[in-house]
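Below: one structure, written as structure tokens.
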Amino acid sequence: MKEPKEIKLEQSGDNSTQYQSAGNMTVINERKAPNYNQYLKLVSEFEKELELGEIEFREFIDKIQHYTNNIDDKFIGLEKKLENGGFQNDYNWAKEMKHYYSMKITENALSKATQKIHAFILARICILFNFHVRGAINDGVPKEIIRKLIVTQVIQPVQEMLGENNVLDLYDDDITSMIYFLTGNCHIKWN
């Protein structure tokens, strides 16, 4: 019978993973680069509109209509929604950010392509927030961790997607304003 080998434990660095096994172990740790083909297609459509000079006023596309409309029968307002999640102290800033994005989206009503890009980003923010942040709020996770989750699980992934093809020049404050815009229209809930 073979003697087990001595296991030497070493400290790992940040963002590293250690595995220990007494027998055979297979570790598959793949991190595939996200696929942003749909976003890049929208960017190409926008660039083509610019090139052809086809940017003219258009009515809002259906997807933007969806996100600009309140989807909850029991409208309680942004302040109450933040209060329900324990973020009542953020209300004044959130109100400003929501108003900022409301103005920005009406500016971009000129182009069908820009509307599609905004709709795509709003949908992404909505899904990321509801999948990664809402549950933590419901579980009573401390606010500072919630804020970090918003940055790491919502803002950073959207910025990563925008990458070098950020044709609408959307930055962290724009993405944050979209979060509060979606909150105000009941697409994102803080409880």
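Scheme for the structure tokens: letters A, B, ... for chains in order shown; per-chain residue numbers from 1; ligand numbers from 1 in order shown.
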Exercise for the section: Run DSSP on the backbone of this structure and report the residues of region 38-181 of chain A it assigns to alpha helix (DSSP H), as a PyMOL selection string. Expected result: chain A and resi 38-52+62-68+77-84+91-107+112-132+134-138+143-150+156-162+172-181
Practice task
Skip region 179-183 of chain A itself and residues of its chain fewer than 6 positions away, then list as a ChimeraX atom specification all residues within 8 Å of it, counting only C-alpha atoms.
Solution key: /A:67-68,78,81,94-95,97-99,101-102,122,125-126,189-190
Practice task
Kindly give the distance, in Å, that separates CA of Cys186 (chain A) and CA of Asn70 (chain A), rounded to a single decimal.
Solution key: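 Between CA of Cys186 (chain A) and CA of Asn70 (chain A) the gap is 5.9 Å.
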Fill in the blank from the handout: A straight line from CA of Val158 (chain A) to CA of Glu51 (chain A) spans 25.9 Å
Practice task
Find the spatial neighbours of Lys63 (chain A), counting only C-alpha atoms, within a cut-off of 9 Å - ignore same-chain residues fewer than 4 positions away - and output them as a ChimeraX atom specification.
Solution key: /A:67-68,115-116,119-120,123
Mind dumping the selected residues with N, CA and C atoms as a PDB file, in the first residue's frame?
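The resulting part.pdb:
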ATOM      1  N   TYR A  67     -39.427  49.757 -21.325  1.00  0.00           N
ATOM      2  CA  TYR A  67     -38.614  50.221 -20.206  1.00  0.00           C
ATOM      3  C   TYR A  67     -38.952  51.629 -19.741  1.00  0.00           C
ATOM      4  N   THR A  68     -39.584  52.438 -20.578  1.00  0.00           N
ATOM      5  CA  THR A  68     -39.968  53.784 -20.156  1.00  0.00           C
ATOM      6  C   THR A  68     -41.330  53.804 -19.476  1.00  0.00           C
ATOM      7  N   GLN A 115     -31.719  53.790 -30.068  1.00  0.00           N
ATOM      8  CA  GLN A 115     -32.775  53.234 -29.220  1.00  0.00           C
ATOM      9  C   GLN A 115     -32.537  51.751 -28.976  1.00  0.00           C
ATOM     10  N   LYS A 116     -32.128  51.038 -30.012  1.00  0.00           N
ATOM     11  CA  LYS A 116     -31.868  49.607 -29.862  1.00  0.00           C
ATOM     12  C   LYS A 116     -30.699  49.371 -28.903  1.00  0.00           C
ATOM     13  N   ALA A 119     -31.986  50.041 -25.419  1.00  0.00           N
ATOM     14  CA  ALA A 119     -32.866  48.942 -25.004  1.00  0.00           C
ATOM     15  C   ALA A 119     -32.046  47.712 -24.619  1.00  0.00           C
ATOM     16  N   PHE A 120     -31.037  47.414 -25.392  1.00  0.00           N
ATOM     17  CA  PHE A 120     -30.177  46.264 -25.123  1.00  0.00           C
ATOM     18  C   PHE A 120     -29.481  46.432 -23.771  1.00  0.00           C
ATOM     19  N   ALA A 123     -31.988  46.213 -20.837  1.00  0.00           N
ATOM     20  CA  ALA A 123     -32.347  44.807 -20.587  1.00  0.00           C
ATOM     21  C   ALA A 123     -31.236  44.098 -19.831  1.00  0.00           C
TER      22      ALA A 123
END
Exercise for the section: For CA of Arg124 (chain A) and CA of Arg147 (chain A), determine how far apart the two atoms are, in Å to one decimal place. Expected result: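 Straight-line distance from CA of Arg124 (chain A) to CA of Arg147 (chain A) works out to 17.9 Å.
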